[in-house]
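**Student:** File follows, model_27.pdb with PDB, N, CA and C atoms:
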ATOM      1  N   MET P   4      25.230  32.050  27.356
ATOM      2  CA  MET P   4      26.412  31.895  26.537
ATOM      3  C   MET P   4      26.068  31.014  25.353
ATOM      4  N   THR P   5      26.523  31.419  24.223
ATOM      5  CA  THR P   5      26.255  30.664  23.018
ATOM      6  C   THR P   5      27.505  29.917  22.590
ATOM      7  N   GLY P   6      27.314  28.888  21.809
ATOM      8  CA  GLY P   6      28.469  28.154  21.290
ATOM      9  C   GLY P   6      28.943  27.085  22.249
ATOM     10  N   ALA P   7      30.117  26.575  21.962
ATOM     11  CA  ALA P   7      30.693  25.505  22.767
ATOM     12  C   ALA P   7      31.116  26.031  24.134
ATOM     13  N   GLN P   8      30.923  25.228  25.141
ATOM     14  CA  GLN P   8      31.246  25.652  26.505
ATOM     15  C   GLN P   8      32.731  25.551  26.824
ATOM     16  N   ALA P   9      33.422  24.521  26.329
ATOM     17  CA  ALA P   9      34.829  24.320  26.692
ATOM     18  C   ALA P   9      35.718  25.487  26.248
ATOM     19  N   PRO P  10      35.628  25.977  25.011
ATOM     20  CA  PRO P  10      36.465  27.127  24.650
ATOM     21  C   PRO P  10      36.139  28.378  25.466
ATOM     22  N   THR P  11      34.883  28.545  25.789
ATOM     23  CA  THR P  11      34.477  29.696  26.592
ATOM     24  C   THR P  11      35.069  29.617  27.989
ATOM     25  N   ILE P  12      35.041  28.430  28.562
ATOM     26  CA  ILE P  12      35.580  28.240  29.911
ATOM     27  C   ILE P  12      37.085  28.518  29.926
ATOM     28  N   PHE P  13      37.805  27.965  28.966
ATOM     29  CA  PHE P  13      39.247  28.181  28.923
ATOM     30  C   PHE P  13      39.596  29.632  28.616
ATOM     31  N   PHE P  14      38.804  30.277  27.776
ATOM     32  CA  PHE P  14      39.029  31.692  27.469
ATOM     33  C   PHE P  14      38.859  32.553  28.721
ATOM     34  N   CYS P  15      37.800  32.305  29.475
ATOM     35  CA  CYS P  15      37.562  33.092  30.693
ATOM     36  C   CYS P  15      38.637  32.827  31.737
ATOM     37  N   LEU P  16      39.064  31.566  31.881
ATOM     38  CA  LEU P  16      40.152  31.270  32.818
ATOM     39  C   LEU P  16      41.450  31.935  32.381
ATOM     40  N   ALA P  17      41.726  31.933  31.078
ATOM     41  CA  ALA P  17      42.962  32.546  30.583
ATOM     42  C   ALA P  17      42.958  34.057  30.776
ATOM     43  N   THR P  18      41.819  34.716  30.533
ATOM     44  CA  THR P  18      41.786  36.163  30.751
ATOM     45  C   THR P  18      41.911  36.483  32.236
ATOM     46  N   GLY P  19      41.345  35.650  33.088
ATOM     47  CA  GLY P  19      41.517  35.844  34.523
ATOM     48  C   GLY P  19      42.963  35.673  34.956
ATOM     49  N   CYS P  20      43.631  34.667  34.403
ATOM     50  CA  CYS P  20      45.055  34.470  34.708
ATOM     51  C   CYS P  20      45.893  35.651  34.230
ATOM     52  N   ALA P  21      45.550  36.181  33.058
ATOM     53  CA  ALA P  21      46.291  37.336  32.542
ATOM     54  C   ALA P  21      46.104  38.545  33.458
ATOM     55  N   LEU P  22      44.894  38.743  33.959
ATOM     56  CA  LEU P  22      44.664  39.857  34.882
ATOM     57  C   LEU P  22      45.393  39.640  36.205
ATOM     58  N   GLY P  23      45.444  38.402  36.665
ATOM     59  CA  GLY P  23      46.195  38.101  37.883
ATOM     60  C   GLY P  23      47.681  38.361  37.712
ATOM     61  N   MET P  24      48.216  37.997  36.551
ATOM     62  CA  MET P  24      49.636  38.246  36.291
ATOM     63  C   MET P  24      49.912  39.741  36.142
ATOM     64  N   LEU P  25      48.972  40.480  35.572
ATOM     65  CA  LEU P  25      49.127  41.938  35.497
ATOM     66  C   LEU P  25      49.161  42.540  36.896
ATOM     67  N   PHE P  26      48.296  42.052  37.769
ATOM     68  CA  PHE P  26      48.299  42.509  39.156
ATOM     69  C   PHE P  26      49.654  42.253  39.804
ATOM     70  N   LEU P  27      50.204  41.055  39.571
ATOM     71  CA  LEU P  27      51.500  40.723  40.164
ATOM     72  C   LEU P  27      52.624  41.556  39.573
ATOM     73  N   LEU P  28      52.549  41.857  38.287
ATOM     74  CA  LEU P  28      53.550  42.724  37.668
ATOM     75  C   LEU P  28      53.527  44.110  38.302
ATOM     76  N   LEU P  29      52.339  44.654  38.498
ATOM     77  CA  LEU P  29      52.231  45.966  39.134
ATOM     78  C   LEU P  29      52.665  45.912  40.595
ATOM     79  N   LYS P  30      52.428  44.787  41.254
ATOM     80  CA  LYS P  30      52.879  44.628  42.641
ATOM     81  C   LYS P  30      54.404  44.606  42.703
ATOM     82  N   ALA P  31      55.035  43.910  41.763
ATOM     83  CA  ALA P  31      56.501  43.880  41.721
ATOM     84  C   ALA P  31      57.054  45.277  41.458
ATOM     85  N   LEU P  32      56.411  46.032  40.581
ATOM     86  CA  LEU P  32      56.829  47.418  40.342
ATOM     87  C   LEU P  32      56.719  48.254  41.614
ATOM     88  N   ARG P  33      55.598  48.092  42.311
ATOM     89  CA  ARG P  33      55.394  48.845  43.552
ATOM     90  C   ARG P  33      56.457  48.499  44.584
ATOM     91  N   LEU P  34      56.751  47.221  44.726
ATOM     92  CA  LEU P  34      57.761  46.811  45.714
ATOM     93  C   LEU P  34      59.153  47.242  45.283
ATOM     94  N   GLY P  35      59.454  47.088  44.013
ATOM     95  CA  GLY P  35      60.796  47.411  43.528
ATOM     96  C   GLY P  35      61.104  48.885  43.538
ATOM     97  N   LEU P  36      60.104  49.705  43.258
ATOM     98  CA  LEU P  36      60.312  51.148  43.212
ATOM     99  C   LEU P  36      60.042  51.826  44.542
ATOM    100  N   SER P  37      59.703  51.060  45.553
ATOM    101  CA  SER P  37      59.324  51.613  46.864
ATOM    102  C   SER P  37      58.295  52.727  46.676
ATOM    103  N   ALA P  38      57.215  52.353  46.030
ATOM    104  CA  ALA P  38      56.198  53.316  45.625
ATOM    105  C   ALA P  38      55.531  53.965  46.828
ATOM    106  N   GLY P  39      55.297  55.236  46.687
ATOM    107  CA  GLY P  39      54.559  55.973  47.701
ATOM    108  C   GLY P  39      53.069  55.891  47.423
ATOM    109  N   LYS P  40      52.323  56.706  48.115
ATOM    110  CA  LYS P  40      50.871  56.673  47.982
ATOM    111  C   LYS P  40      50.407  57.100  46.598
ATOM    112  N   ILE P  41      51.059  58.086  46.019
ATOM    113  CA  ILE P  41      50.601  58.604  44.724
ATOM    114  C   ILE P  41      50.843  57.575  43.625
ATOM    115  N   LEU P  42      52.037  56.985  43.564
ATOM    116  CA  LEU P  42      52.316  55.982  42.543
ATOM    117  C   LEU P  42      51.438  54.756  42.736
ATOM    118  N   THR P  43      51.203  54.360  43.968
ATOM    119  CA  THR P  43      50.319  53.233  44.240
ATOM    120  C   THR P  43      48.913  53.529  43.747
ATOM    121  N   ALA P  44      48.429  54.737  43.981
ATOM    122  CA  ALA P  44      47.098  55.107  43.520
ATOM    123  C   ALA P  44      47.025  55.109  41.994
ATOM    124  N   VAL P  45      48.060  55.628  41.348
ATOM    125  CA  VAL P  45      48.078  55.655  39.879
ATOM    126  C   VAL P  45      48.083  54.235  39.317
ATOM    127  N   LEU P  46      48.896  53.356  39.896
ATOM    128  CA  LEU P  46      48.933  51.975  39.432
ATOM    129  C   LEU P  46      47.611  51.258  39.682
ATOM    130  N   ASP P  47      46.960  51.540  40.804
ATOM    131  CA  ASP P  47      45.664  50.930  41.091
ATOM    132  C   ASP P  47      44.591  51.396  40.120
ATOM    133  N   VAL P  48      44.591  52.675  39.791
ATOM    134  CA  VAL P  48      43.617  53.193  38.824
ATOM    135  C   VAL P  48      43.880  52.590  37.448
ATOM    136  N   LEU P  49      45.148  52.512  37.058
ATOM    137  CA  LEU P  49      45.505  51.905  35.782
ATOM    138  C   LEU P  49      45.063  50.444  35.732
ATOM    139  N   PHE P  50      45.275  49.716  36.808
ATOM    140  CA  PHE P  50      44.851  48.316  36.871
ATOM    141  C   PHE P  50      43.328  48.197  36.765
ATOM    142  N   GLY P  51      42.611  49.065  37.444
ATOM    143  CA  GLY P  51      41.154  49.030  37.375
ATOM    144  C   GLY P  51      40.626  49.310  35.976
ATOM    145  N   ILE P  52      41.230  50.265  35.295
ATOM    146  CA  ILE P  52      40.807  50.589  33.929
ATOM    147  C   ILE P  52      41.085  49.417  32.995
ATOM    148  N   ILE P  53      42.265  48.819  33.121
ATOM    149  CA  ILE P  53      42.608  47.680  32.270
ATOM    150  C   ILE P  53      41.692  46.492  32.562
ATOM    151  N   CYS P  54      41.410  46.247  33.832
ATOM    152  CA  CYS P  54      40.501  45.150  34.187
ATOM    153  C   CYS P  54      39.112  45.362  33.598
ATOM    154  N   GLY P  55      38.602  46.572  33.710
ATOM    155  CA  GLY P  55      37.293  46.869  33.148
ATOM    156  C   GLY P  55      37.261  46.651  31.648
ATOM    157  N   ALA P  56      38.312  47.093  30.961
ATOM    158  CA  ALA P  56      38.365  46.925  29.507
ATOM    159  C   ALA P  56      38.451  45.448  29.123
ATOM    160  N   VAL P  57      39.271  44.674  29.843
ATOM    161  CA  VAL P  57      39.415  43.256  29.520
ATOM    162  C   VAL P  57      38.120  42.501  29.784
ATOM    163  N   VAL P  58      37.468  42.788  30.888
ATOM    164  CA  VAL P  58      36.207  42.116  31.194
ATOM    165  C   VAL P  58      35.142  42.483  30.161
ATOM    166  N   PHE P  59      35.097  43.742  29.760
ATOM    167  CA  PHE P  59      34.134  44.163  28.745
ATOM    168  C   PHE P  59      34.406  43.480  27.412
ATOM    169  N   LEU P  60      35.670  43.448  26.991
ATOM    170  CA  LEU P  60      36.006  42.805  25.721
ATOM    171  C   LEU P  60      35.769  41.298  25.768
ATOM    172  N   ALA P  61      36.026  40.684  26.914
ATOM    173  CA  ALA P  61      35.736  39.261  27.049
ATOM    174  C   ALA P  61      34.235  39.008  27.003
ATOM    175  N   ALA P  62      33.457  39.894  27.605
ATOM    176  CA  ALA P  62      32.001  39.755  27.539
ATOM    177  C   ALA P  62      31.505  39.919  26.108
ATOM    178  N   LEU P  63      32.117  40.807  25.348
ATOM    179  CA  LEU P  63      31.759  40.943  23.935
ATOM    180  C   LEU P  63      32.064  39.661  23.171
ATOM    181  N   ALA P  64      33.205  39.052  23.456
ATOM    182  CA  ALA P  64      33.586  37.838  22.746
ATOM    183  C   ALA P  64      32.744  36.637  23.170
ATOM    184  N   VAL P  65      32.357  36.588  24.436
ATOM    185  CA  VAL P  65      31.652  35.422  24.951
ATOM    186  C   VAL P  65      30.154  35.484  24.654
ATOM    187  N   ASP P  66      29.518  36.609  24.946
ATOM    188  CA  ASP P  66      28.054  36.637  24.847
ATOM    189  C   ASP P  66      27.540  38.002  24.408
ATOM    190  N   LYS P  67      28.074  38.543  23.357
ATOM    191  CA  LYS P  67      27.585  39.782  22.750
ATOM    192  C   LYS P  67      27.486  40.943  23.740
ATOM    193  N   GLY P  68      28.407  41.018  24.677
ATOM    194  CA  GLY P  68      28.467  42.147  25.593
ATOM    195  C   GLY P  68      27.776  41.950  26.922
ATOM    196  N   ARG P  69      27.126  40.820  27.110
ATOM    197  CA  ARG P  69      26.452  40.569  28.394
ATOM    198  C   ARG P  69      27.396  39.802  29.310
ATOM    199  N   LEU P  70      27.628  40.353  30.479
ATOM    200  CA  LEU P  70      28.499  39.689  31.456
ATOM    201  C   LEU P  70      27.673  38.641  32.187
ATOM    202  N   ARG P  71      28.089  37.408  32.090
ATOM    203  CA  ARG P  71      27.391  36.302  32.740
ATOM    204  C   ARG P  71      28.139  35.881  33.995
ATOM    205  N   LEU P  72      27.413  35.251  34.900
ATOM    206  CA  LEU P  72      28.005  34.820  36.162
ATOM    207  C   LEU P  72      29.152  33.833  35.927
ATOM    208  N   LEU P  73      28.984  32.926  34.981
ATOM    209  CA  LEU P  73      30.042  31.959  34.702
ATOM    210  C   LEU P  73      31.324  32.663  34.272
ATOM    211  N   GLN P  74      31.204  33.683  33.434
ATOM    212  CA  GLN P  74      32.383  34.425  32.989
ATOM    213  C   GLN P  74      33.064  35.106  34.167
ATOM    214  N   ALA P  75      32.296  35.780  34.991
ATOM    215  CA  ALA P  75      32.876  36.504  36.128
ATOM    216  C   ALA P  75      33.539  35.545  37.115
ATOM    217  N   VAL P  76      32.889  34.437  37.412
ATOM    218  CA  VAL P  76      33.440  33.472  38.369
ATOM    219  C   VAL P  76      34.721  32.847  37.817
ATOM    220  N   LEU P  77      34.713  32.487  36.539
ATOM    221  CA  LEU P  77      35.907  31.877  35.954
ATOM    222  C   LEU P  77      37.068  32.863  35.869
ATOM    223  N   GLN P  78      36.793  34.113  35.566
ATOM    224  CA  GLN P  78      37.860  35.105  35.537
ATOM    225  C   GLN P  78      38.419  35.344  36.933
ATOM    226  N   MET P  79      37.562  35.392  37.925
ATOM    227  CA  MET P  79      38.055  35.541  39.297
ATOM    228  C   MET P  79      38.855  34.321  39.728
ATOM    229  N   ALA P  80      38.410  33.121  39.339
ATOM    230  CA  ALA P  80      39.153  31.899  39.688
ATOM    231  C   ALA P  80      40.517  31.876  39.004
ATOM    232  N   GLY P  81      40.568  32.296  37.756
ATOM    233  CA  GLY P  81      41.846  32.339  37.049
ATOM    234  C   GLY P  81      42.807  33.339  37.676
ATOM    235  N   ALA P  82      42.298  34.514  38.030
ATOM    236  CA  ALA P  82      43.146  35.520  38.674
ATOM    237  C   ALA P  82      43.615  35.032  40.039
ATOM    238  N   TRP P  83      42.731  34.412  40.798
ATOM    239  CA  TRP P  83      43.102  33.887  42.113
ATOM    240  C   TRP P  83      44.187  32.824  41.978
ATOM    241  N   ALA P  84      44.045  31.936  40.995
ATOM    242  CA  ALA P  84      45.029  30.870  40.807
ATOM    243  C   ALA P  84      46.402  31.446  40.453
ATOM    244  N   ALA P  85      46.425  32.422  39.568
ATOM    245  CA  ALA P  85      47.703  33.019  39.174
ATOM    246  C   ALA P  85      48.353  33.745  40.346
ATOM    247  N   ILE P  86      47.567  34.497  41.085
ATOM    248  CA  ILE P  86      48.111  35.252  42.213
ATOM    249  C   ILE P  86      48.603  34.312  43.304
ATOM    250  N   THR P  87      47.828  33.283  43.599
ATOM    251  CA  THR P  87      48.221  32.332  44.631
ATOM    252  C   THR P  87      49.487  31.577  44.246
ATOM    253  N   ALA P  88      49.609  31.227  42.973
ATOM    254  CA  ALA P  88      50.760  30.436  42.539
ATOM    255  C   ALA P  88      52.046  31.254  42.487
ATOM    256  N   PHE P  89      51.959  32.491  42.021
ATOM    257  CA  PHE P  89      53.178  33.250  41.739
ATOM    258  C   PHE P  89      53.472  34.380  42.721
ATOM    259  N   ASP P  90      52.626  34.625  43.709
ATOM    260  CA  ASP P  90      52.841  35.739  44.627
ATOM    261  C   ASP P  90      54.143  35.643  45.411
ATOM    262  N   PRO P  91      54.514  34.486  45.965
ATOM    263  CA  PRO P  91      55.786  34.451  46.705
ATOM    264  C   PRO P  91      56.997  34.797  45.834
ATOM    265  N   ALA P  92      56.998  34.309  44.602
ATOM    266  CA  ALA P  92      58.120  34.601  43.707
ATOM    267  C   ALA P  92      58.153  36.073  43.326
ATOM    268  N   VAL P  93      57.000  36.662  43.106
ATOM    269  CA  VAL P  93      56.937  38.077  42.728
ATOM    270  C   VAL P  93      57.360  38.962  43.894
ATOM    271  N   CYS P  94      56.962  38.613  45.100
ATOM    272  CA  CYS P  94      57.391  39.396  46.269
ATOM    273  C   CYS P  94      58.905  39.327  46.437
ATOM    274  N   ALA P  95      59.480  38.150  46.257
ATOM    275  CA  ALA P  95      60.935  38.016  46.356
ATOM    276  C   ALA P  95      61.631  38.802  45.253
ATOM    277  N   LEU P  96      61.081  38.774  44.042
ATOM    278  CA  LEU P  96      61.645  39.523  42.930
ATOM    279  C   LEU P  96      61.578  41.033  43.191
ATOM    280  N   GLY P  97      60.460  41.506  43.721
ATOM    281  CA  GLY P  97      60.322  42.924  44.034
ATOM    282  C   GLY P  97      61.287  43.367  45.112
ATOM    283  N   ARG P  98      61.455  42.541  46.149
ATOM    284  CA  ARG P  98      62.406  42.876  47.207
ATOM    285  C   ARG P  98      63.837  42.855  46.686
ATOM    286  N   ALA P  99      64.154  41.908  45.805
ATOM    287  CA  ALA P  99      65.501  41.846  45.235
ATOM    288  C   ALA P  99      65.774  43.079  44.367
ATOM    289  N   PHE P 100      64.799  43.485  43.577
ATOM    290  CA  PHE P 100      64.968  44.672  42.748
ATOM    291  C   PHE P 100      65.147  45.914  43.619
ATOM    292  N   SER P 101      64.390  45.980  44.703
ATOM    293  CA  SER P 101      64.515  47.106  45.618
ATOM    294  C   SER P 101      65.904  47.130  46.259
ATOM    295  N   TRP P 102      66.421  45.958  46.635
ATOM    296  CA  TRP P 102      67.756  45.881  47.225
ATOM    297  C   TRP P 102      68.815  46.320  46.218
ATOM    298  N   ILE P 103      68.675  45.855  44.970
ATOM    299  CA  ILE P 103      69.628  46.245  43.921
ATOM    300  C   ILE P 103      69.577  47.749  43.692
ATOM    301  N   LYS P 104      68.382  48.301  43.670
ATOM    302  CA  LYS P 104      68.235  49.743  43.472
ATOM    303  C   LYS P 104      68.909  50.517  44.604
ATOM    304  N   ARG P 105      68.697  50.077  45.844
ATOM    305  CA  ARG P 105      69.324  50.761  46.974
ATOM    306  C   ARG P 105      70.842  50.616  46.937
ATOM    307  N   LYS P 106      71.318  49.444  46.550
ATOM    308  CA  LYS P 106      72.742  49.150  46.573
ATOM    309  C   LYS P 106      73.508  49.931  45.500
ATOM    310  N   PHE P 107      72.976  49.985  44.297
ATOM    311  CA  PHE P 107      73.732  50.539  43.184
ATOM    312  C   PHE P 107      73.345  51.948  42.778
ATOM    313  N   PHE P 108      72.152  52.378  43.114
ATOM    314  CA  PHE P 108      71.700  53.678  42.635
ATOM    315  C   PHE P 108      71.554  54.723  43.726
ATOM    316  N   ARG P 109      72.112  54.475  44.887
ATOM    317  CA  ARG P 109      72.048  55.510  45.924
ATOM    318  C   ARG P 109      73.126  56.536  45.619
ATOM    319  N   GLY P 110      72.866  57.751  46.043
ATOM    320  CA  GLY P 110      73.819  58.814  45.773
ATOM    321  C   GLY P 110      75.054  58.688  46.647
ATOM    322  N   ASN P 111      76.203  58.694  46.024
ATOM    323  CA  ASN P 111      77.449  58.661  46.765
ATOM    324  C   ASN P 111      77.815  60.082  47.161
ATOM    325  N   PRO P 112      78.001  60.313  48.441
ATOM    326  CA  PRO P 112      78.363  61.690  48.862
ATOM    327  C   PRO P 112      79.765  62.040  48.406
ATOM    328  N   LYS P 113      79.909  63.277  47.949
ATOM    329  CA  LYS P 113      81.213  63.745  47.510
ATOM    330  C   LYS P 113      82.033  64.158  48.721
ATOM    331  N   LYS P 114      83.296  63.789  48.707
ATOM    332  CA  LYS P 114      84.169  64.163  49.803
ATOM    333  C   LYS P 114      84.955  65.392  49.365
ATOM    334  N   THR P 115      84.927  66.396  50.209
ATOM    335  CA  THR P 115      85.664  67.636  49.892
ATOM    336  C   THR P 115      86.789  67.869  50.829
TER
END
Give the structure from the file, written as structure tokens.

**Tutor:**
Amino acid sequence: MTGAQAPTIFFCLATGCALGMLFLLLKALRLGLSAGKILTAVLDVLFGIICGAVVFLAALAVDKGRLRLLQAVLQMAGAWAAITAFDPAVCALGRAFSWIKRKFFRGNPKKT
């Protein structure tokens, strides 16, 4: 890695946190929409593609396209920290959205 270490460290931690929050956003969508296997697979593939692109772009910014161990470890630590900190709230939010969806958007049977 070239240049100052502190900005690089914070950049890698921030991109890891952003990926962790993206994971939690997709998890809330999955829980709220009561996603089946197909939607879960589509969201997982989308997450993998976005993660690959972010890691590649971060590697370009940090060290001319070479992925270094420090970058990978810091991004994983940032994602772990975000997921660990916000997972309980996201699970509760997803369950609440699912409850609201069931409560207000279920089909009312017509009485004849």

**Student:** I need the output of the PyMOL selection byres ((chain P and resi 25-34) around 7) for this file as a CSV table (one decimal) with N, CA and C atoms, in the coordinates of the input; which residues are they?

**Tutor:**
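What ended up in out_18.csv:
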chain,number,residue,atom,x,y,z
P,20,CYS,N,43.6,34.7,34.4
P,20,CYS,CA,45.1,34.5,34.7
P,20,CYS,C,45.9,35.7,34.2
P,21,ALA,N,45.6,36.2,33.1
P,21,ALA,CA,46.3,37.3,32.5
P,21,ALA,C,46.1,38.5,33.5
P,22,LEU,N,44.9,38.7,34.0
P,22,LEU,CA,44.7,39.9,34.9
P,22,LEU,C,45.4,39.6,36.2
P,23,GLY,N,45.4,38.4,36.7
P,23,GLY,CA,46.2,38.1,37.9
P,23,GLY,C,47.7,38.4,37.7
P,24,MET,N,48.2,38.0,36.6
P,24,MET,CA,49.6,38.2,36.3
P,24,MET,C,49.9,39.7,36.1
P,35,GLY,N,59.5,47.1,44.0
P,35,GLY,CA,60.8,47.4,43.5
P,35,GLY,C,61.1,48.9,43.5
P,36,LEU,N,60.1,49.7,43.3
P,36,LEU,CA,60.3,51.1,43.2
P,36,LEU,C,60.0,51.8,44.5
P,37,SER,N,59.7,51.1,45.6
P,37,SER,CA,59.3,51.6,46.9
P,37,SER,C,58.3,52.7,46.7
P,38,ALA,N,57.2,52.4,46.0
P,38,ALA,CA,56.2,53.3,45.6
P,38,ALA,C,55.5,54.0,46.8
P,43,THR,N,51.2,54.4,44.0
P,43,THR,CA,50.3,53.2,44.2
P,43,THR,C,48.9,53.5,43.7
P,46,LEU,N,48.9,53.4,39.9
P,46,LEU,CA,48.9,52.0,39.4
P,46,LEU,C,47.6,51.3,39.7
P,86,ILE,N,47.6,34.5,41.1
P,86,ILE,CA,48.1,35.3,42.2
P,86,ILE,C,48.6,34.3,43.3
P,90,ASP,N,52.6,34.6,43.7
P,90,ASP,CA,52.8,35.7,44.6
P,90,ASP,C,54.1,35.6,45.4
P,93,VAL,N,57.0,36.7,43.1
P,93,VAL,CA,56.9,38.1,42.7
P,93,VAL,C,57.4,39.0,43.9
P,94,CYS,N,57.0,38.6,45.1
P,94,CYS,CA,57.4,39.4,46.3
P,94,CYS,C,58.9,39.3,46.4
P,96,LEU,N,61.1,38.8,44.0
P,96,LEU,CA,61.6,39.5,42.9
P,96,LEU,C,61.6,41.0,43.2
P,97,GLY,N,60.5,41.5,43.7
P,97,GLY,CA,60.3,42.9,44.0
P,97,GLY,C,61.3,43.4,45.1
P,98,ARG,N,61.5,42.5,46.1
P,98,ARG,CA,62.4,42.9,47.2
P,98,ARG,C,63.8,42.9,46.7
P,100,PHE,N,64.8,43.5,43.6
P,100,PHE,CA,65.0,44.7,42.7
P,100,PHE,C,65.1,45.9,43.6
P,101,SER,N,64.4,46.0,44.7
P,101,SER,CA,64.5,47.1,45.6
P,101,SER,C,65.9,47.1,46.3

**Student:** Could you pull out the residues in chain P that DSSP calls helix (DSSP H, G or I) from the backbone, as JSON, numbers by chain?

**Tutor:** {"P": [8, 9, 10, 11, 12, 13, 14, 15, 16, 17, 18, 19, 20, 21, 22, 23, 24, 25, 26, 27, 28, 29, 30, 31, 32, 33, 34, 35, 40, 41, 42, 43, 44, 45, 46, 47, 48, 49, 50, 51, 52, 53, 54, 55, 56, 57, 58, 59, 60, 61, 62, 63, 64, 65, 66, 72, 73, 74, 75, 76, 77, 78, 79, 80, 81, 82, 83, 84, 85, 86, 87, 88, 89, 90, 91, 92, 93, 94, 95, 96, 97, 98, 99, 100, 101, 102, 103, 104, 105, 106, 107]}

**Student:** Using only C-alpha atoms, pick whichever of P:Thr18, P:Lys106, P:Ala9, P:Met79 has the shortest atom-to-atom distance to P:Leu60.

**Tutor:**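 Closest to P:Leu60 of all the choices is P:Thr18.
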
**Student:** Find the axis-aligned box for stretch 67-78 of chain P, covering all its listed atoms and adding 6 Å on each side, and write its centre and edge lengths in Å to one decimal as lines of an AutoDock Vina configuration file.

**Tutor:**
center_x = 32.4
center_y = 37.0
center_z = 30.6
size_x = 24.0
size_y = 22.3
size_z = 27.6

**Student:** Expressed in Å to a single decimal, how great is the separation between atom CA of P:Ala62 and atom CA of P:Phe50?

**Tutor:**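 The value is 18.0 Å.
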
**Student:** Evaluate the PyMOL selection byres (((chain P and resi 54-58 and name CA) around 9) and name CA) on the structure here and hand back the selected residues as a PyMOL selection string.

**Tutor:** chain P and resi 18-19+22+49-53+59-63+70+74-75+78

**Student:** Quote the spacing between atom C of P:Gly39 and atom CA of P:Ala85 in Å to one decimal place.

**Tutor:**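 Going from atom C of P:Gly39 over to atom CA of P:Ala85 covers 24.9 Å.
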
**Student:** One decimal, in Å: what's the spacing between atom C of P:Phe13 and atom C of P:Asp66?

**Tutor:**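 A separation of 15.3 Å between them.
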
**Student:** Missing atoms in stretch 101-106 of chain P need filling: write out all heavy atoms for it as a JSON list (two decimals), in the coordinates of the input.

**Tutor:**
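Output file out.json is given in full below:
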[["chain", "number", "residue", "atom", "x", "y", "z"],
["P", 101, "SER", "N", 64.39, 45.98, 44.70],
["P", 101, "SER", "CA", 64.52, 47.11, 45.62],
["P", 101, "SER", "C", 65.90, 47.13, 46.26],
["P", 101, "SER", "O", 66.51, 48.19, 46.41],
["P", 101, "SER", "CB", 63.44, 47.02, 46.69],
["P", 101, "SER", "OG", 63.56, 48.07, 47.61],
["P", 102, "TRP", "N", 66.42, 45.96, 46.64],
["P", 102, "TRP", "CA", 67.76, 45.88, 47.22],
["P", 102, "TRP", "C", 68.82, 46.32, 46.22],
["P", 102, "TRP", "O", 69.73, 47.07, 46.55],
["P", 102, "TRP", "CB", 68.02, 44.46, 47.70],
["P", 102, "TRP", "CG", 69.37, 44.29, 48.30],
["P", 102, "TRP", "CD1", 69.73, 44.61, 49.58],
["P", 102, "TRP", "CD2", 70.55, 43.83, 47.65],
["P", 102, "TRP", "NE1", 71.07, 44.33, 49.77],
["P", 102, "TRP", "CE2", 71.59, 43.85, 48.59],
["P", 102, "TRP", "CE3", 70.82, 43.37, 46.37],
["P", 102, "TRP", "CZ2", 72.88, 43.45, 48.29],
["P", 102, "TRP", "CZ3", 72.10, 42.96, 46.06],
["P", 102, "TRP", "CH2", 73.11, 43.01, 47.01],
["P", 103, "ILE", "N", 68.68, 45.86, 44.97],
["P", 103, "ILE", "CA", 69.63, 46.24, 43.92],
["P", 103, "ILE", "C", 69.58, 47.75, 43.69],
["P", 103, "ILE", "O", 70.62, 48.40, 43.55],
["P", 103, "ILE", "CB", 69.35, 45.47, 42.62],
["P", 103, "ILE", "CG1", 69.73, 44.01, 42.81],
["P", 103, "ILE", "CG2", 70.09, 46.07, 41.44],
["P", 103, "ILE", "CD1", 69.28, 43.11, 41.69],
["P", 104, "LYS", "N", 68.38, 48.30, 43.67],
["P", 104, "LYS", "CA", 68.24, 49.74, 43.47],
["P", 104, "LYS", "C", 68.91, 50.52, 44.60],
["P", 104, "LYS", "O", 69.62, 51.48, 44.37],
["P", 104, "LYS", "CB", 66.75, 50.12, 43.38],
["P", 104, "LYS", "CG", 66.52, 51.57, 43.01],
["P", 104, "LYS", "CD", 65.05, 51.89, 43.04],
["P", 104, "LYS", "CE", 64.71, 52.15, 44.48],
["P", 104, "LYS", "NZ", 63.47, 52.79, 44.74],
["P", 105, "ARG", "N", 68.70, 50.08, 45.84],
["P", 105, "ARG", "CA", 69.32, 50.76, 46.97],
["P", 105, "ARG", "C", 70.84, 50.62, 46.94],
["P", 105, "ARG", "O", 71.57, 51.54, 47.27],
["P", 105, "ARG", "CB", 68.80, 50.20, 48.29],
["P", 105, "ARG", "CG", 67.45, 50.71, 48.69],
["P", 105, "ARG", "CD", 67.13, 50.38, 50.14],
["P", 105, "ARG", "NE", 67.50, 49.03, 50.54],
["P", 105, "ARG", "CZ", 66.70, 47.97, 50.50],
["P", 105, "ARG", "NH1", 65.48, 48.10, 50.03],
["P", 105, "ARG", "NH2", 67.11, 46.79, 50.90],
["P", 106, "LYS", "N", 71.32, 49.44, 46.55],
["P", 106, "LYS", "CA", 72.74, 49.15, 46.57],
["P", 106, "LYS", "C", 73.51, 49.93, 45.50],
["P", 106, "LYS", "O", 74.57, 50.49, 45.78],
["P", 106, "LYS", "CB", 72.95, 47.65, 46.37],
["P", 106, "LYS", "CG", 74.36, 47.19, 46.50],
["P", 106, "LYS", "CD", 74.75, 47.10, 47.94],
["P", 106, "LYS", "CE", 76.10, 46.42, 48.03],
["P", 106, "LYS", "NZ", 76.62, 46.47, 49.35]]
